[in-house]
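Enquirer: The structure file protein.csv (CSV, C-alpha atoms) is provided below.
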chain,number,residue,atom,x,y,z
A,239,MET,CA,-47.1,-272.4,139.2
A,240,ILE,CA,-48.9,-271.9,135.9
A,241,ARG,CA,-47.5,-273.9,133.0
A,242,MET,CA,-47.6,-271.8,129.8
A,243,ALA,CA,-46.3,-272.2,126.3
A,244,GLN,CA,-46.0,-269.7,123.4
A,245,TRP,CA,-47.4,-270.3,120.0
A,246,GLY,CA,-45.6,-268.4,117.3
A,247,MET,CA,-42.7,-265.9,117.0
A,248,GLY,CA,-44.0,-263.8,114.2
A,249,HIS,CA,-45.8,-261.1,116.2
A,250,GLY,CA,-43.9,-257.9,117.0
A,251,HIS,CA,-44.5,-258.5,120.7
A,252,ALA,CA,-43.5,-262.1,120.7
A,253,ALA,CA,-40.0,-261.9,122.1
A,254,GLY,CA,-41.1,-259.5,124.9
A,255,LYS,CA,-44.0,-261.8,125.9
A,256,ALA,CA,-41.6,-264.8,126.1
A,257,ARG,CA,-39.3,-262.8,128.3
A,258,SER,CA,-42.3,-262.0,130.6
A,259,MET,CA,-43.1,-265.7,131.0
A,260,ALA,CA,-39.5,-266.7,131.5
A,261,THR,CA,-39.0,-264.2,134.3
A,262,ASN,CA,-42.4,-264.4,136.1
A,263,PRO,CA,-42.0,-266.5,139.3
A,264,ASP,CA,-45.5,-267.8,139.0
A,265,VAL,CA,-45.1,-269.1,135.5
A,266,GLU,CA,-43.2,-272.1,134.1
A,267,LEU,CA,-42.5,-271.4,130.4
A,268,VAL,CA,-42.7,-274.9,128.8
A,269,GLY,CA,-41.4,-273.6,125.5
A,270,VAL,CA,-42.2,-271.9,122.2
A,271,TYR,CA,-43.5,-273.6,119.1
A,272,GLU,CA,-42.8,-271.9,115.7
A,273,GLU,CA,-43.1,-273.8,112.5
A,274,ASP,CA,-40.9,-271.3,110.6
A,275,ALA,CA,-37.5,-272.9,111.0
A,276,SER,CA,-35.8,-269.6,109.9
A,277,ARG,CA,-36.8,-267.8,113.1
A,278,LYS,CA,-34.0,-267.9,115.6
A,279,ASP,CA,-34.5,-269.5,119.0
A,280,TYR,CA,-35.0,-267.3,122.1
A,281,GLU,CA,-32.0,-267.7,124.4
A,282,GLY,CA,-32.6,-270.1,127.2
A,283,VAL,CA,-36.1,-271.0,125.9
A,284,ARG,CA,-36.9,-274.5,124.7
A,285,ARG,CA,-38.1,-274.8,121.1
A,286,LEU,CA,-41.1,-277.2,121.0
A,287,ARG,CA,-41.3,-279.7,118.2
A,288,SER,CA,-45.0,-279.9,117.5
A,289,VAL,CA,-48.5,-278.5,118.1
A,290,ASP,CA,-49.3,-281.6,120.1
A,291,GLU,CA,-46.3,-280.8,122.4
A,292,LEU,CA,-47.5,-277.2,122.7
A,293,LEU,CA,-51.0,-278.2,123.6
A,294,ALA,CA,-50.1,-281.0,125.9
A,295,PRO,CA,-52.5,-281.8,128.7
A,296,ASP,CA,-50.3,-280.3,131.5
A,297,VAL,CA,-50.0,-276.9,129.7
A,298,GLU,CA,-52.7,-274.6,131.2
A,299,ALA,CA,-52.4,-271.5,129.1
A,300,ILE,CA,-51.1,-270.4,125.7
A,301,ALA,CA,-49.6,-267.1,124.6
A,302,ILE,CA,-50.6,-266.6,121.0
A,303,GLU,CA,-47.8,-264.7,119.3
A,304,GLY,CA,-48.2,-265.8,115.6
A,305,ARG,CA,-48.6,-263.4,112.7
A,306,ASN,CA,-51.9,-261.6,112.5
A,307,ASP,CA,-53.0,-263.8,109.7
A,308,GLN,CA,-52.3,-266.9,111.7
A,309,ALA,CA,-53.6,-265.9,115.2
A,310,LEU,CA,-57.3,-266.7,114.8
A,311,ALA,CA,-56.7,-270.2,113.7
A,312,MET,CA,-54.3,-270.7,116.6
A,313,ALA,CA,-56.9,-269.4,119.0
A,314,HIS,CA,-59.5,-271.9,117.7
A,315,ARG,CA,-57.1,-274.8,118.2
A,316,THR,CA,-56.1,-273.5,121.6
A,317,ILE,CA,-59.7,-273.2,123.0
A,318,ASP,CA,-60.5,-276.6,121.4
A,319,ALA,CA,-57.7,-278.0,123.6
A,320,GLY,CA,-59.2,-276.4,126.7
A,321,LYS,CA,-56.5,-273.8,127.4
A,322,HIS,CA,-56.6,-270.2,128.7
A,323,LEU,CA,-55.5,-267.6,126.1
A,324,TRP,CA,-53.1,-264.7,126.4
A,325,TRP,CA,-53.7,-263.5,122.8
A,326,ASP,CA,-51.8,-260.7,121.2
A,327,LYS,CA,-53.6,-258.1,119.2
A,328,PRO,CA,-55.6,-258.0,117.1
A,329,ALA,CA,-58.0,-260.9,117.1
A,330,GLY,CA,-57.9,-261.6,113.4
A,331,ASP,CA,-59.9,-260.0,110.5
A,332,ASP,CA,-62.6,-262.7,110.1
A,333,TRP,CA,-65.6,-261.6,112.2
A,334,ALA,CA,-67.6,-264.8,111.7
A,335,GLY,CA,-64.6,-266.8,112.6
A,336,TYR,CA,-64.1,-264.7,115.7
A,337,VAL,CA,-67.7,-265.0,116.8
A,338,ALA,CA,-67.5,-268.8,116.4
A,339,PHE,CA,-64.3,-268.7,118.6
A,340,VAL,CA,-66.2,-266.6,121.3
A,341,GLU,CA,-69.0,-269.2,121.4
A,342,LYS,CA,-66.4,-271.9,122.1
A,343,LEU,CA,-64.7,-269.7,124.7
A,344,LYS,CA,-68.0,-269.1,126.6
A,345,ARG,CA,-68.8,-272.9,126.7
A,346,SER,CA,-65.2,-273.7,127.9
A,347,GLY,CA,-65.2,-271.3,130.8
A,348,LYS,CA,-61.6,-270.4,130.0
A,349,HIS,CA,-60.1,-267.0,130.3
A,350,LEU,CA,-59.2,-264.7,127.4
A,351,GLN,CA,-56.9,-261.7,127.9
A,352,MET,CA,-56.0,-259.7,124.8
A,353,GLY,CA,-52.5,-258.1,124.6
A,354,TYR,CA,-53.4,-254.4,124.7
A,355,MET,CA,-50.6,-253.3,126.9
A,356,LEU,CA,-51.7,-249.6,127.2
A,357,ARG,CA,-54.2,-251.0,129.8
A,358,TYR,CA,-51.2,-251.4,132.1
A,359,HIS,CA,-49.6,-248.0,131.4
A,360,ASP,CA,-49.9,-245.6,134.4
A,361,ALA,CA,-50.7,-242.5,132.3
A,362,PHE,CA,-53.5,-244.2,130.4
A,363,ARG,CA,-54.9,-245.8,133.5
A,364,THR,CA,-55.0,-242.4,135.1
A,365,VAL,CA,-56.8,-240.8,132.2
A,366,ALA,CA,-59.3,-243.6,132.0
A,367,ASP,CA,-60.0,-243.3,135.8
A,368,LEU,CA,-60.6,-239.5,135.4
A,369,ALA,CA,-63.0,-240.1,132.5
A,370,ARG,CA,-64.9,-242.9,134.0
A,371,ASP,CA,-65.2,-241.3,137.5
A,372,GLY,CA,-66.6,-238.0,136.1
A,373,ALA,CA,-63.6,-235.9,137.1
A,374,LEU,CA,-63.5,-234.4,133.6
A,375,GLY,CA,-67.2,-233.7,133.4
A,376,HIS,CA,-69.1,-234.9,130.4
A,377,VAL,CA,-66.5,-236.1,127.9
A,378,PHE,CA,-67.6,-234.8,124.5
A,379,SER,CA,-64.5,-235.3,122.5
A,380,MET,CA,-61.5,-237.7,122.3
A,381,ARG,CA,-58.7,-237.6,119.8
A,382,VAL,CA,-55.9,-240.1,119.5
A,383,GLN,CA,-52.9,-239.9,117.2
A,384,MET,CA,-50.9,-243.1,117.0
A,385,SER,CA,-48.8,-242.9,113.9
A,386,THR,CA,-45.4,-244.5,113.4
A,387,HIS,CA,-42.9,-245.4,110.7
A,388,VAL,CA,-43.3,-248.9,109.1
A,389,PRO,CA,-40.9,-249.7,106.2
A,390,SER,CA,-42.0,-251.5,103.0
A,391,THR,CA,-39.8,-254.5,103.9
A,392,ASN,CA,-37.4,-255.3,106.7
A,393,PRO,CA,-35.0,-258.1,107.5
A,394,SER,CA,-36.9,-259.5,110.6
A,395,GLY,CA,-40.2,-259.8,108.7
A,396,LEU,CA,-42.0,-259.0,111.9
A,397,ASN,CA,-43.6,-255.7,110.9
A,398,ASN,CA,-43.6,-254.2,107.4
A,399,ARG,CA,-46.1,-252.8,104.9
A,400,SER,CA,-46.1,-255.8,102.7
A,401,LEU,CA,-47.1,-258.1,105.6
A,402,ILE,CA,-49.7,-255.7,106.9
A,403,ALA,CA,-51.2,-255.1,103.5
A,404,GLN,CA,-53.0,-258.5,103.4
A,405,HIS,CA,-55.5,-257.2,106.0
A,406,ARG,CA,-58.4,-254.8,105.4
A,407,GLY,CA,-57.7,-251.5,107.0
A,408,GLY,CA,-53.9,-251.7,106.6
A,409,ILE,CA,-52.1,-249.9,109.4
A,410,LEU,CA,-55.4,-249.2,111.1
A,411,PHE,CA,-55.9,-252.9,111.5
A,412,ASP,CA,-52.4,-253.4,112.8
A,413,LEU,CA,-52.3,-250.7,115.4
A,414,GLY,CA,-55.9,-249.6,115.9
A,415,GLY,CA,-56.9,-252.1,118.5
A,416,HIS,CA,-54.6,-250.5,121.1
A,417,VAL,CA,-56.4,-247.1,120.6
A,418,LEU,CA,-59.9,-248.5,120.2
A,419,ASP,CA,-59.4,-250.5,123.4
A,420,GLN,CA,-58.9,-247.2,125.2
A,421,VAL,CA,-61.8,-245.4,123.4
A,422,VAL,CA,-64.5,-247.9,124.1
A,423,TRP,CA,-63.3,-248.4,127.7
A,424,MET,CA,-63.8,-244.7,128.4
A,425,MET,CA,-66.8,-244.0,126.1
A,426,GLY,CA,-68.7,-247.2,125.4
A,427,ARG,CA,-69.9,-248.6,122.1
A,428,PRO,CA,-70.0,-246.1,119.2
A,429,THR,CA,-73.3,-245.7,117.4
A,430,ARG,CA,-71.5,-245.2,114.1
A,431,VAL,CA,-67.9,-245.8,112.9
A,432,THR,CA,-66.7,-244.1,109.7
A,433,PRO,CA,-63.2,-244.8,108.5
A,434,PHE,CA,-61.1,-243.0,105.9
A,435,LEU,CA,-58.6,-245.5,104.6
A,436,LYS,CA,-56.1,-244.0,102.2
A,437,ASN,CA,-53.0,-244.9,100.3
A,438,HIS,CA,-50.8,-241.8,100.0
A,439,ASP,CA,-47.3,-243.1,99.8
A,440,THR,CA,-47.1,-246.8,99.0
A,441,PRO,CA,-47.5,-247.1,95.2
A,442,ASP,CA,-46.2,-250.7,95.1
A,443,LEU,CA,-49.1,-251.8,97.4
A,444,PRO,CA,-52.0,-249.8,96.0
A,445,ALA,CA,-54.7,-251.5,98.1
A,446,PHE,CA,-52.7,-250.8,101.4
A,447,ALA,CA,-54.1,-248.2,103.7
A,448,ASP,CA,-51.0,-246.3,104.9
A,449,ASN,CA,-52.8,-243.2,106.1
A,450,THR,CA,-56.1,-243.5,108.1
A,451,VAL,CA,-58.5,-241.5,110.1
A,452,THR,CA,-61.6,-243.0,111.9
A,453,VAL,CA,-64.5,-241.0,113.2
A,454,LEU,CA,-66.5,-242.7,116.0
A,455,GLU,CA,-69.9,-241.2,116.9
A,456,PHE,CA,-71.5,-241.6,120.3
A,457,PRO,CA,-74.8,-240.3,121.6
A,458,ARG,CA,-73.2,-237.1,123.0
A,459,ALA,CA,-69.6,-237.3,121.9
A,460,LEU,CA,-67.2,-237.7,119.0
A,461,ALA,CA,-63.8,-239.5,118.9
A,462,THR,CA,-61.2,-239.4,116.1
A,463,VAL,CA,-58.4,-242.0,115.7
A,464,GLU,CA,-55.5,-241.1,113.4
A,465,ILE,CA,-53.0,-243.8,112.4
A,466,SER,CA,-50.4,-243.6,109.7
A,467,CYS,CA,-47.3,-245.6,108.9
A,468,LEU,CA,-45.7,-242.6,107.1
A,469,ALA,CA,-44.4,-240.7,110.1
A,470,ALA,CA,-40.7,-240.3,110.6
A,471,THR,CA,-41.0,-241.6,114.1
A,472,ALA,CA,-43.6,-242.7,116.7
A,473,GLY,CA,-42.5,-239.9,119.0
A,474,THR,CA,-45.3,-237.5,118.1
A,475,ARG,CA,-48.2,-239.7,119.3
A,476,ARG,CA,-50.8,-238.0,121.4
A,477,LEU,CA,-54.1,-238.6,123.3
A,478,GLU,CA,-56.6,-235.8,124.1
A,479,LEU,CA,-59.7,-236.2,126.2
A,480,HIS,CA,-62.0,-233.2,126.5
A,481,GLY,CA,-64.7,-232.8,129.0
A,482,THR,CA,-67.0,-230.0,130.3
A,483,LYS,CA,-64.9,-229.7,133.5
A,484,ALA,CA,-61.4,-230.4,132.2
A,485,SER,CA,-59.2,-231.8,129.5
A,486,ALA,CA,-56.6,-234.5,129.9
A,487,ILE,CA,-53.7,-234.7,127.5
A,488,ILE,CA,-50.9,-237.3,127.1
A,489,ALA,CA,-48.5,-235.6,124.7
A,490,GLU,CA,-45.0,-236.5,125.7
A,491,GLN,CA,-44.3,-239.3,123.2
A,492,PHE,CA,-47.4,-241.2,124.2
A,493,GLU,CA,-46.3,-244.6,125.5
A,494,GLN,CA,-43.1,-243.0,126.8
A,495,ALA,CA,-45.3,-240.4,128.6
A,496,GLY,CA,-43.9,-239.2,131.9
A,497,ILE,CA,-46.3,-236.3,132.0
A,498,LEU,CA,-50.1,-236.0,131.9
A,499,ARG,CA,-51.5,-232.5,131.5
A,500,ILE,CA,-54.8,-231.5,133.1
A,501,VAL,CA,-56.3,-228.3,131.7
A,502,ASP,CA,-59.3,-226.6,133.3
A,503,GLY,CA,-60.7,-223.1,134.1
A,504,GLU,CA,-57.8,-222.5,136.6
A,505,GLY,CA,-55.0,-223.3,134.1
A,506,THR,CA,-52.8,-226.3,133.4
A,507,ARG,CA,-51.2,-228.6,135.9
A,508,GLU,CA,-49.0,-231.6,135.4
A,509,MET,CA,-49.3,-235.1,136.8
A,510,ARG,CA,-46.5,-237.7,136.6
A,511,PRO,CA,-48.4,-241.0,137.1
A,512,GLY,CA,-45.5,-243.3,136.0
A,513,ASN,CA,-43.7,-244.3,132.9
A,514,PRO,CA,-43.4,-248.1,132.5
A,515,SER,CA,-41.3,-249.5,129.7
A,516,ARG,CA,-42.9,-251.7,127.1
A,517,GLN,CA,-41.5,-254.8,128.8
A,518,GLU,CA,-42.9,-253.6,132.1
A,519,GLN,CA,-46.3,-253.4,130.5
A,520,TYR,CA,-46.0,-256.9,129.2
A,521,ASP,CA,-45.0,-258.1,132.7
A,522,ARG,CA,-48.0,-256.4,134.2
A,523,GLU,CA,-50.3,-258.0,131.6
A,524,LEU,CA,-49.0,-261.4,132.6
A,525,VAL,CA,-49.4,-260.8,136.3
A,526,ALA,CA,-53.0,-259.9,135.8
A,527,PHE,CA,-53.6,-262.9,133.5
A,528,VAL,CA,-52.1,-265.3,136.0
A,529,ARG,CA,-54.0,-263.8,139.0
A,530,THR,CA,-57.3,-264.1,137.1
A,531,ILE,CA,-56.7,-267.7,136.2
A,532,ARG,CA,-55.9,-268.5,139.8
A,533,GLY,CA,-59.1,-266.7,141.0
A,534,GLU,CA,-57.2,-264.1,142.9
A,535,GLN,CA,-58.7,-261.2,141.0
A,536,PRO,CA,-61.5,-260.5,138.5
A,537,SER,CA,-60.4,-259.9,134.9
A,538,ASP,CA,-59.3,-256.4,134.3
A,539,ARG,CA,-61.5,-256.4,131.2
A,540,SER,CA,-64.6,-258.4,130.8
A,541,LEU,CA,-65.2,-260.7,127.8
A,542,ALA,CA,-67.9,-258.3,126.7
A,543,HIS,CA,-65.3,-255.6,126.5
A,544,GLU,CA,-62.8,-257.8,124.5
A,545,ILE,CA,-65.6,-258.5,122.1
A,546,LEU,CA,-66.5,-254.8,121.8
A,547,VAL,CA,-62.9,-253.9,121.0
A,548,GLN,CA,-62.8,-256.4,118.2
A,549,GLU,CA,-66.2,-255.5,116.8
A,550,THR,CA,-65.2,-251.8,116.8
A,551,LEU,CA,-62.0,-252.6,114.9
A,552,MET,CA,-63.9,-254.6,112.4
A,553,ARG,CA,-66.3,-251.7,111.9
A,554,ALA,CA,-63.4,-249.4,111.4
A,555,THR,CA,-61.6,-251.6,108.9
A,556,GLY,CA,-64.6,-252.7,106.8
A,557,GLY,CA,-64.9,-256.2,108.1
A,558,ILE,CA,-68.5,-255.5,109.2
A,559,PRO,CA,-70.8,-252.4,108.6
A,560,GLY,CA,-69.9,-249.3,110.6
A,561,GLY,CA,-73.4,-247.9,111.0
Have the structure of the file written as structure tokens, please.
Expert:
Amino acid sequence: MIRMAQWGMGHGHAAGKARSMATNPDVELVGVYEEDASRKDYEGVRRLRSVDELLAPDVEAIAIEGRNDQALAMAHRTIDAGKHLWWDKPAGDDWAGYVAFVEKLKRSGKHLQMGYMLRYHDAFRTVADLARDGALGHVFSMRVQMSTHVPSTNPSGLNNRSLIAQHRGGILFDLGGHVLDQVVWMMGRPTRVTPFLKNHDTPDLPAFADNTVTVLEFPRALATVEISCLAATAGTRRLELHGTKASAIIAEQFEQAGILRIVDGEGTREMRPGNPSRQEQYDRELVAFVRTIRGEQPSDRSLAHEILVQETLMRATGGIPGG
């Protein structure tokens, strides 16, 4: 049994991650620490009283679920206390602070797993396998559209334009890691990253990037990532991967995709690899995290990959040079 605790309730995935820990038979959820007293307790989950209680010696791992502006500082304190980290996206917007965290992590020998749940979605796994195994031929183009609707304010305070606006890159910073995790897993490190960060419909937050496109250049390929918070719904998200032998397209509401289309010289065929719910993806994340800590499986993503995702996000949002 792995004893875990959750730090924060301010992330949009926080409640689902707590539910995963509470229902996983190999995890004992010690409790949740959140300093904001206005946030309501999770039913059946103990509310911890202090950071010291959260980071107690018998707690082996921490799920970091604070707001994006809080998470990097939480990660530093967590690794200083010698805990494994299940850290929800993204890994902050301070590159130097992140690099310092990584150096501590390497010395500690602890495990880091970022909360990019599309890694555990059947359709995305299938596309990645096709790309990495060469079944699509040379992949020369990738396009991902991951727009959504985010209001200026909302009662929960978990996800709104005002909160996201404090980060360089705006909506790209908030959601881009999910997509860039997929891009670099299939295509490697881009040689150049060129973002277009625009404010097209949020006049009360003139510095907020509400409509973004990022072009990623590779030695023999291009990828484009399109993310806006101006869409009426998230239901039109799409992934396209084009190779010299075939194309693979996830177009049926993206994360709710039950259908993967393969297009080649013989026509179009459909695959139905599986359609896990968001909660099921969280549950799968946690299973992999626990198994890796126990030494039962290697990490699904190396530390080098986790660093590459964060570096690419920082290049895309202006935190470090893109060239």
Enquirer: Find the spatial neighbours of range 297-302 of chain A, counting all atoms listed in the file, within a cut-off of 6 Å - ignore same-chain residues fewer than 2 positions away - and output them as an MDAnalysis selection string.
Expert: chainID A and resid 241:245 294:295 304 321:325
Enquirer: So which residues are close to (-60.6, -254.7, 126.5), meaning at most 8 Å away in the file's coordinates with all atoms listed in the file counted, and can you show them as a list in words?
Expert: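 Output of the proximity query reads Met352, Tyr354, Asp419, Gln420, Trp423, Arg539, Ser540, Leu541, His543, Glu544, Ile545, Leu546 and Val547 of chain A.
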Enquirer: Which residue out of A:Ile402, A:Ile531, A:Ala252, A:Leu368 has the minimum interatomic distance to Gly347 in chain A when all atoms listed in the file are used?
Expert: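 For Gly347 in chain A, the nearest of the given residues is A:Ile531.
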Enquirer: Using only C-alpha atoms, list the residues that have an atom at most 7 Å from (-50.5, -246.7, 123.2), coordinates as in the file, as a VMD selection string.
Expert: chain A and resid 356 416 to 417 492 to 493
Enquirer: Write the residues of the preceding selection, restricted to C-alpha atoms, as a PDB file, in the coordinates of the input.
Expert:
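Generated file (part33.pdb):
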ATOM      1  CA  LEU A 356     -51.700-249.600 127.200  1.00  0.00           C
ATOM      2  CA  HIS A 416     -54.600-250.500 121.100  1.00  0.00           C
ATOM      3  CA  VAL A 417     -56.400-247.100 120.600  1.00  0.00           C
ATOM      4  CA  PHE A 492     -47.400-241.200 124.200  1.00  0.00           C
ATOM      5  CA  GLU A 493     -46.300-244.600 125.500  1.00  0.00           C
TER       6      GLU A 493
END
Enquirer: Which residue, A:Lys348, A:Arg510, A:His376, A:Arg285, has the smallest gap to Glu273 in chain A when you use all atoms listed in the file?
Expert: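 Distance minimum relative to Glu273 in chain A lands on A:Arg285.
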Enquirer: Have a look at A:Arg458, A:Lys327, A:Arg532, A:Arg516 and name the one nearest to Asp307 in chain A; count all atoms listed in the file.
Expert: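 Closest to Asp307 in chain A, using all atoms listed in the file: A:Lys327.
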Enquirer: A:His249, A:Lys344, A:Arg553, A:Lys255: which is nearest Ala309 in chain A, counting all atoms listed in the file?
Expert: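 Among A:His249, A:Lys344, A:Arg553, A:Lys255, it is A:His249 that comes nearest to Ala309 in chain A.
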Enquirer: What's around Ala329 in chain A at 8 Å? Count all atoms listed in the file, leave out sequence neighbours fewer than 5 positions away in its own chain, and write the answer as a PyMOL selection string.
Expert: chain A and resi 306+309-310+336+548
Enquirer: Separation of CA of Val501 in chain A and CA of Val382 in chain A, in Å?
Expert: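 Distance between the two atoms: 17.0 Å.
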Enquirer: To one decimal in Å, tell me the separation between CA of Arg522 in chain A and CA of Tyr358 in chain A.
Expert: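 Between CA of Arg522 in chain A and CA of Tyr358 in chain A the gap is 6.3 Å.
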Enquirer: Need to verify the contact set: range 377-380 of chain A, 12 Å, all atoms listed in the file, exclusion of same-chain residues closer than 4 positions in sequence. Can you return it as an MDAnalysis selection string?
Expert: chainID A and resid 365:366 368:373 417:418 420:422 424:426 452:464 476:488
Enquirer: Restricting the calculation to only C-alpha atoms: of A:Thr555, A:Thr432, A:Gln494, A:Ser258, which residue gets closest to Ala447 in chain A?
Expert: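 Going through A:Thr555, A:Thr432, A:Gln494, A:Ser258 one by one, the smallest distance to Ala447 in chain A is for A:Thr555.
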Enquirer: Separation of CA of Ile409 in chain A and CA of Leu551 in chain A, in Å?
Expert: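 Separation of CA of Ile409 in chain A and CA of Leu551 in chain A: 11.6 Å.
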Enquirer: Have a look at A:Leu498, A:Gly408, A:Pro263, A:Leu413 and name the one nearest to Gly250 in chain A; count all atoms listed in the file.
Expert: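 Checking each candidate against Gly250 in chain A, we get A:Leu413 as the closest.
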Enquirer: Name all residues at most 10 Å from His314 in chain A (count only C-alpha atoms; drop same-chain ones fewer than 6 positions away) and give them as a PDB file with C-alpha atoms, in the coordinates of the input.
Expert:
ATOM      1  CA  GLY A 335     -64.600-266.800 112.600  1.00  0.00           C
ATOM      2  CA  TYR A 336     -64.100-264.700 115.700  1.00  0.00           C
ATOM      3  CA  ALA A 338     -67.500-268.800 116.400  1.00  0.00           C
ATOM      4  CA  PHE A 339     -64.300-268.700 118.600  1.00  0.00           C
ATOM      5  CA  VAL A 340     -66.200-266.600 121.300  1.00  0.00           C
ATOM      6  CA  LYS A 342     -66.400-271.900 122.100  1.00  0.00           C
ATOM      7  CA  LEU A 343     -64.700-269.700 124.700  1.00  0.00           C
TER       8      LEU A 343
END
Enquirer: Write out as a list in words which residues come within 10 Å of range 398-401 of chain A when counting all atoms listed in the file, dropping same-chain ones fewer than 2 positions away.
Expert: Arg305, Asn306, Asp307, His387, Val388, Pro389, Ser390, Thr391, Asn392, Pro393, Ser394, Gly395, Leu396, Ala403, Gln404, His405, Gly408, Ile409, Thr440, Asp442, Leu443, Phe446, Ala447, Asp448 and Cys467 of chain A
